[in-house]
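Notes follow once the structure below has been shown.
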Amino acid sequence: MTRRDVVLVVADATDPTADRVCAVLAARAARFFRFDTADVPQRLRLRAELGTTSWHGELVSAEDRVDLDEVGAVYVRRPRAFEPPAHLSAIECRYALGGILASLGGVRWCNMPAHSADAAYKPKQLRDFRACGLATPPTVITNDAQVVREFAEQVGVVICKPVAVGVVRTGGGTQVVYTRRVSAQELKHLTGVDYSAHLFQAYVEALFSVRLTVVGNRFFAVRIDAGSDRARIDWRSDYAALSCRVIDTPPDIRAGVAAYLKMAGLAFGAFDFGVSTEGWWAYECNAEGQVGWLEAETGIPISEAIADFLLGEHEP
């Protein structure tokens, strides 16, 4: 019987989070094969034949090769788009390679792309949070300015955040879209709300924020205290103003988060919470969240935990 002891790492070739995980795997002398989907099809060769119950074949790069029967785990970390010749579509490659990998039996996924894609639907995610016992702020999604004003009358101060894409393209390049408070003056006009769907939430007067990273059944909670007005609205907007320390996760939050991950089919999730005098408020879960900066700030071993999971060494 073939040993399924190879970890397949599907990641951007320059991704630092994947680099850290691969470094841990290498330090443990674990076998792994890393490739970027941008290498497909021009720099990665695929061969797969359908057997009685599964696909058999190999992936071959300029530096290495892996037999599909040897793959025991797949780590997917923000791979880039496929890059076929300009006159061809990437769809054929995406469905071919994606379908073959999704068909591998007995494989540990962190995370399966289809599950990550489903979890990225923020309206569904917020509903699922509540179904799992996690508190979420009152929320409305609309392209109607009057609906936003009526919502603000009900809940008070509101914030606006992206429903999906946190980066927009401008004439000068790209720009990150941070969560922001909607001022009273802006509520009078709300210019551009009718251009697209927007997500508005009641503003939580948080004492501090929490980034809770979960790998399998291991929880890593980091308290984030903001030292600027910008960071208090969205801590990503001012990293220099943050201070971080490791804290414990309350039992009810652990139970709710574990239930959500099971519902969503995720082995990894980076959750953002705001903590007020009323308790923990769940904002969102990123199925491909960054971990390097948290490890650097606090020393928590998230990369080691990911490697443990991929190698089947996590706690039962």
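Scheme for the structure tokens: letters A, B, ... for chains in order shown; per-chain residue numbers from 1; ligand numbers from 1 in order shown.
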Polymer residues at most 12 Å from range 292-299 of chain A, only C-alpha atoms, same-chain spacing of 4 or more positions, as a PyMOL selection string: chain A and resi 15-21+210-213+220-224+236+239-240+242-247+270+303-305
Serialized selection, N, CA and C atoms, as an mmCIF file, in the first residue's frame:
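After the write, out34.cif holds the following:
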data_model
loop_
_atom_site.group_PDB
_atom_site.id
_atom_site.type_symbol
_atom_site.label_atom_id
_atom_site.label_comp_id
_atom_site.auth_asym_id
_atom_site.auth_seq_id
_atom_site.Cartn_x
_atom_site.Cartn_y
_atom_site.Cartn_z
ATOM 1 N N ASP A 15 4.351 33.779 -0.783
ATOM 2 C CA ASP A 15 3.526 33.981 0.411
ATOM 3 C C ASP A 15 4.310 33.666 1.680
ATOM 4 N N PRO A 16 4.469 34.628 2.606
ATOM 5 C CA PRO A 16 5.285 34.395 3.806
ATOM 6 C C PRO A 16 4.650 33.416 4.786
ATOM 7 N N THR A 17 3.318 33.359 4.826
ATOM 8 C CA THR A 17 2.662 32.411 5.727
ATOM 9 C C THR A 17 2.939 30.981 5.288
ATOM 10 N N ALA A 18 2.812 30.720 3.992
ATOM 11 C CA ALA A 18 3.152 29.395 3.476
ATOM 12 C C ALA A 18 4.631 29.096 3.681
ATOM 13 N N ASP A 19 5.485 30.120 3.549
ATOM 14 C CA ASP A 19 6.920 29.927 3.787
ATOM 15 C C ASP A 19 7.172 29.409 5.192
ATOM 16 N N ARG A 20 6.470 29.982 6.177
ATOM 17 C CA ARG A 20 6.679 29.590 7.572
ATOM 18 C C ARG A 20 6.244 28.146 7.797
ATOM 19 N N VAL A 21 5.107 27.778 7.223
ATOM 20 C CA VAL A 21 4.622 26.410 7.391
ATOM 21 C C VAL A 21 5.579 25.428 6.723
ATOM 22 N N VAL A 210 -10.200 41.069 19.348
ATOM 23 C CA VAL A 210 -9.552 39.768 19.479
ATOM 24 C C VAL A 210 -9.421 39.144 18.100
ATOM 25 N N ARG A 211 -8.223 38.678 17.780
ATOM 26 C CA ARG A 211 -8.036 37.812 16.614
ATOM 27 C C ARG A 211 -7.868 36.391 17.174
ATOM 28 N N LEU A 212 -8.849 35.562 16.877
ATOM 29 C CA LEU A 212 -8.847 34.177 17.343
ATOM 30 C C LEU A 212 -8.547 33.265 16.162
ATOM 31 N N THR A 213 -7.380 32.642 16.173
ATOM 32 C CA THR A 213 -6.985 31.728 15.105
ATOM 33 C C THR A 213 -7.176 30.296 15.598
ATOM 34 N N PHE A 220 -5.971 29.873 19.415
ATOM 35 C CA PHE A 220 -4.956 30.870 19.725
ATOM 36 C C PHE A 220 -5.615 32.249 19.715
ATOM 37 N N ALA A 221 -5.911 32.769 20.884
ATOM 38 C CA ALA A 221 -6.594 34.064 20.990
ATOM 39 C C ALA A 221 -5.603 35.151 21.356
ATOM 40 N N VAL A 222 -5.643 36.241 20.614
ATOM 41 C CA VAL A 222 -4.757 37.379 20.858
ATOM 42 C C VAL A 222 -5.603 38.629 21.065
ATOM 43 N N ARG A 223 -5.415 39.264 22.200
ATOM 44 C CA ARG A 223 -6.086 40.536 22.471
ATOM 45 C C ARG A 223 -5.337 41.652 21.755
ATOM 46 N N ILE A 224 -6.079 42.513 21.077
ATOM 47 C CA ILE A 224 -5.498 43.627 20.328
ATOM 48 C C ILE A 224 -6.040 44.932 20.898
ATOM 49 N N ARG A 236 -6.570 47.019 11.351
ATOM 50 C CA ARG A 236 -5.672 46.814 10.212
ATOM 51 C C ARG A 236 -5.158 48.128 9.639
ATOM 52 N N TYR A 239 -1.275 49.443 12.141
ATOM 53 C CA TYR A 239 -0.583 48.396 12.893
ATOM 54 C C TYR A 239 0.375 48.975 13.929
ATOM 55 N N ALA A 240 0.960 50.139 13.623
ATOM 56 C CA ALA A 240 1.940 50.727 14.540
ATOM 57 C C ALA A 240 1.312 51.122 15.872
ATOM 58 N N LEU A 242 -0.881 49.349 17.576
ATOM 59 C CA LEU A 242 -1.454 48.185 18.254
ATOM 60 C C LEU A 242 -0.507 47.614 19.302
ATOM 61 N N SER A 243 -1.115 47.055 20.340
ATOM 62 C CA SER A 243 -0.376 46.226 21.291
ATOM 63 C C SER A 243 -1.134 44.913 21.434
ATOM 64 N N CYS A 244 -0.412 43.807 21.508
ATOM 65 C CA CYS A 244 -1.040 42.487 21.476
ATOM 66 C C CYS A 244 -0.554 41.623 22.629
ATOM 67 N N ARG A 245 -1.448 40.775 23.128
ATOM 68 C CA ARG A 245 -1.047 39.780 24.117
ATOM 69 C C ARG A 245 -1.989 38.589 24.052
ATOM 70 N N VAL A 246 -1.481 37.436 24.395
ATOM 71 C CA VAL A 246 -2.252 36.200 24.348
ATOM 72 C C VAL A 246 -3.241 36.167 25.513
ATOM 73 N N ILE A 247 -4.467 35.735 25.234
ATOM 74 C CA ILE A 247 -5.487 35.600 26.263
ATOM 75 C C ILE A 247 -6.178 34.249 26.110
ATOM 76 N N ALA A 270 -9.523 32.264 10.898
ATOM 77 C CA ALA A 270 -9.044 33.420 11.645
ATOM 78 C C ALA A 270 -10.257 34.315 11.908
ATOM 79 N N SER A 303 2.019 28.323 13.019
ATOM 80 C CA SER A 303 2.601 27.554 11.907
ATOM 81 C C SER A 303 2.870 26.118 12.330
ATOM 82 N N GLU A 304 3.344 25.943 13.559
ATOM 83 C CA GLU A 304 3.573 24.590 14.072
ATOM 84 C C GLU A 304 2.258 23.822 14.170
ATOM 85 N N ALA A 305 1.205 24.512 14.592
ATOM 86 C CA ALA A 305 -0.100 23.858 14.703
ATOM 87 C C ALA A 305 -0.625 23.440 13.332
#
Backbone-only DSSP, helix (DSSP H, G or I) members of range 59-107 of chain A, as a PyMOL selection string: chain A and resi 68-70+91-102
Residue with smallest distance to Pro41 in chain A - pool A:His189, A:Lys262, A:Arg130, A:Arg94, counting only C-alpha atoms: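 Distance minimum relative to Pro41 in chain A lands on A:Arg94.
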Contact table range 274-308 of chain A vs range 76-91 of chain A, cut-off 12 Å, shortest pair per residue, only C-alpha atoms, as a tab-separated table:
residue	atom	partner	partner_atom	distance
A:Asn286	CA	A:Arg78	CA	11.5
A:Ala287	CA	A:Arg77	CA	9.4
A:Glu288	CA	A:Arg77	CA	6.4
A:Gly289	CA	A:Arg77	CA	9.0
A:Gln290	CA	A:Arg77	CA	9.5
A:Val291	CA	A:Arg77	CA	11.3
A:Ile306	CA	A:Val76	CA	11.3
Surrounding residues of Pro251 in chain A excluding itself and chain neighbours under 2 positions, 12 Å, only C-alpha atoms, as a list in words: Gly133, Leu134, Phe219, Asp248, Thr249, Ile253, Arg254, Ala255, Gly256, Val257, Ala258 and Trp280 of chain A
Let's have the selection written as a PDB file, in the first residue's frame, with N, CA and C atoms.
ATOM      1  N   GLY A 133     -24.591  30.136  18.000  1.00  0.00           N
ATOM      2  CA  GLY A 133     -24.584  30.747  19.316  1.00  0.00           C
ATOM      3  C   GLY A 133     -23.646  31.919  19.494  1.00  0.00           C
ATOM      4  N   LEU A 134     -23.073  32.450  18.400  1.00  0.00           N
ATOM      5  CA  LEU A 134     -22.188  33.604  18.482  1.00  0.00           C
ATOM      6  C   LEU A 134     -22.982  34.883  18.248  1.00  0.00           C
ATOM      7  N   PHE A 219      -6.848  26.502  19.795  1.00  0.00           N
ATOM      8  CA  PHE A 219      -7.321  27.879  19.778  1.00  0.00           C
ATOM      9  C   PHE A 219      -6.194  28.816  20.218  1.00  0.00           C
ATOM     10  N   ASP A 248      -7.005  33.904  27.077  1.00  0.00           N
ATOM     11  CA  ASP A 248      -7.794  32.685  27.005  1.00  0.00           C
ATOM     12  C   ASP A 248      -9.082  32.937  26.229  1.00  0.00           C
ATOM     13  N   THR A 249      -9.616  31.882  25.639  1.00  0.00           N
ATOM     14  CA  THR A 249     -10.887  31.949  24.928  1.00  0.00           C
ATOM     15  C   THR A 249     -11.994  31.457  25.853  1.00  0.00           C
ATOM     16  N   ILE A 253     -17.462  30.865  23.704  1.00  0.00           N
ATOM     17  CA  ILE A 253     -16.922  31.268  22.400  1.00  0.00           C
ATOM     18  C   ILE A 253     -16.247  30.079  21.731  1.00  0.00           C
ATOM     19  N   ARG A 254     -15.496  29.294  22.495  1.00  0.00           N
ATOM     20  CA  ARG A 254     -14.881  28.082  21.932  1.00  0.00           C
ATOM     21  C   ARG A 254     -15.943  27.160  21.348  1.00  0.00           C
ATOM     22  N   ALA A 255     -17.035  26.985  22.089  1.00  0.00           N
ATOM     23  CA  ALA A 255     -18.093  26.086  21.626  1.00  0.00           C
ATOM     24  C   ALA A 255     -18.737  26.616  20.350  1.00  0.00           C
ATOM     25  N   GLY A 256     -19.019  27.922  20.303  1.00  0.00           N
ATOM     26  CA  GLY A 256     -19.646  28.506  19.123  1.00  0.00           C
ATOM     27  C   GLY A 256     -18.747  28.467  17.906  1.00  0.00           C
ATOM     28  N   VAL A 257     -17.468  28.777  18.101  1.00  0.00           N
ATOM     29  CA  VAL A 257     -16.508  28.764  16.994  1.00  0.00           C
ATOM     30  C   VAL A 257     -16.303  27.340  16.477  1.00  0.00           C
ATOM     31  N   ALA A 258     -16.181  26.372  17.393  1.00  0.00           N
ATOM     32  CA  ALA A 258     -16.016  24.981  16.977  1.00  0.00           C
ATOM     33  C   ALA A 258     -17.227  24.507  16.188  1.00  0.00           C
ATOM     34  N   TRP A 280     -18.555  39.197  23.818  1.00  0.00           N
ATOM     35  CA  TRP A 280     -17.809  39.058  22.563  1.00  0.00           C
ATOM     36  C   TRP A 280     -18.773  39.144  21.379  1.00  0.00           C
TER      37      TRP A 280
END
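Across range 113-154 of chain A, DSSP run on the backbone finds strand (DSSP E or B) at A:Thr139, A:Val140, A:Ile141, A:Thr142.
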Let me see the file: selected residues, N, CA and C atoms, as a short mmCIF file (atom, residue, chain, number, x, y, z; two decimals), in the first residue's frame.
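Output below, filename selection_35.cif:
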data_model
loop_
_atom_site.label_atom_id
_atom_site.label_comp_id
_atom_site.auth_asym_id
_atom_site.auth_seq_id
_atom_site.Cartn_x
_atom_site.Cartn_y
_atom_site.Cartn_z
N THR A 139 -27.22 44.09 11.57
CA THR A 139 -26.61 44.27 10.25
C THR A 139 -27.69 44.45 9.19
N VAL A 140 -27.41 45.31 8.21
CA VAL A 140 -28.28 45.43 7.05
C VAL A 140 -27.40 45.50 5.80
N ILE A 141 -27.84 44.84 4.75
CA ILE A 141 -27.16 44.92 3.45
C ILE A 141 -28.15 45.50 2.45
N THR A 142 -27.75 46.57 1.80
CA THR A 142 -28.70 47.28 0.94
C THR A 142 -27.98 48.16 -0.07
#
Nearest to Phe129 in chain A, chosen from A:Val275, A:Cys160, A:Ala23, A:Ala259, with only C-alpha atoms counted in the distances: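 Among the listed residues, A:Ala259 lies closest to Phe129 in chain A.
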Non-local contacts of Val157 in chain A (9 Å; only C-alpha atoms; under 6 positions in same chain excluded) as a list in words: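 After dropping sequence-adjacent residues, the list is Arg181, Val182, Ser183, Ala184, Gln201, Ala202, Tyr203 and Val204 of chain A.
Once Ser103 in chain A and its same-chain neighbours fewer than 6 positions away are set aside, Thr53, Ser54, Trp55 and Leu97 of chain A remain within 10 Å of it when counting only C-alpha atoms.
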Would you save the residues of that selection, restricted to C-alpha atoms, as a CSV table (one decimal), in the first residue's frame?
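This went into part04.csv:
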chain,number,residue,atom,x,y,z
A,53,THR,CA,-12.5,4.4,-7.4
A,54,SER,CA,-9.9,7.2,-7.6
A,55,TRP,CA,-7.5,9.2,-9.7
A,97,LEU,CA,-6.7,20.2,-11.4
Point-to-point distance in Å for CA of Leu310 in chain A and CA of Ala30 in chain A: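 Those two atoms sit 10.1 Å apart.
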Can you check which parts of range 145-257 of chain A lie within 10 Å of range 107-123 of chain A? Per residue, the shortest pair of atoms and distance in Å to one decimal, counting only C-alpha atoms, sorted by chain and number, as JSON lines.
{"residue": "A:Pro162", "atom": "CA", "partner": "A:Lys122", "partner_atom": "CA", "distance": 9.3}
{"residue": "A:Val163", "atom": "CA", "partner": "A:Lys122", "partner_atom": "CA", "distance": 6.2}
{"residue": "A:Ala164", "atom": "CA", "partner": "A:Lys122", "partner_atom": "CA", "distance": 7.0}
{"residue": "A:Val165", "atom": "CA", "partner": "A:Ala120", "partner_atom": "CA", "distance": 9.8}
{"residue": "A:Leu199", "atom": "CA", "partner": "A:Pro123", "partner_atom": "CA", "distance": 9.0}
{"residue": "A:Val215", "atom": "CA", "partner": "A:Cys110", "partner_atom": "CA", "distance": 8.7}
{"residue": "A:Gly216", "atom": "CA", "partner": "A:Cys110", "partner_atom": "CA", "distance": 9.0}
Taking N, CA and C atoms for each residue, export the selection above as a PDB file, in the first residue's frame.
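Okay, this is what ended up in selection_37.pdb:
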ATOM      1  N   PRO A 162     -16.785  46.290   3.546  1.00  0.00           N
ATOM      2  CA  PRO A 162     -17.013  45.549   2.301  1.00  0.00           C
ATOM      3  C   PRO A 162     -17.806  44.270   2.554  1.00  0.00           C
ATOM      4  N   VAL A 163     -18.645  43.914   1.606  1.00  0.00           N
ATOM      5  CA  VAL A 163     -19.346  42.638   1.677  1.00  0.00           C
ATOM      6  C   VAL A 163     -18.391  41.510   1.282  1.00  0.00           C
ATOM      7  N   ALA A 164     -17.474  41.807   0.387  1.00  0.00           N
ATOM      8  CA  ALA A 164     -16.569  40.756  -0.091  1.00  0.00           C
ATOM      9  C   ALA A 164     -15.160  41.282  -0.278  1.00  0.00           C
ATOM     10  N   VAL A 165     -14.923  42.037  -1.326  1.00  0.00           N
ATOM     11  CA  VAL A 165     -13.569  42.430  -1.713  1.00  0.00           C
ATOM     12  C   VAL A 165     -13.092  43.599  -0.858  1.00  0.00           C
ATOM     13  N   LEU A 199     -22.680  46.758   3.089  1.00  0.00           N
ATOM     14  CA  LEU A 199     -22.979  46.166   4.387  1.00  0.00           C
ATOM     15  C   LEU A 199     -22.797  47.222   5.476  1.00  0.00           C
ATOM     16  N   VAL A 215      -6.858  26.190  14.581  1.00  0.00           N
ATOM     17  CA  VAL A 215      -6.320  25.153  13.702  1.00  0.00           C
ATOM     18  C   VAL A 215      -6.761  23.811  14.274  1.00  0.00           C
ATOM     19  N   GLY A 216      -7.640  23.128  13.551  1.00  0.00           N
ATOM     20  CA  GLY A 216      -8.164  21.882  14.092  1.00  0.00           C
ATOM     21  C   GLY A 216      -8.917  22.160  15.377  1.00  0.00           C
TER      22      GLY A 216
END
Straight-line distance linking CA of Ser61 in chain A with CA of Val24 in chain A, stated in Å to one decimal: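 Interatomic distance here is 21.9 Å.
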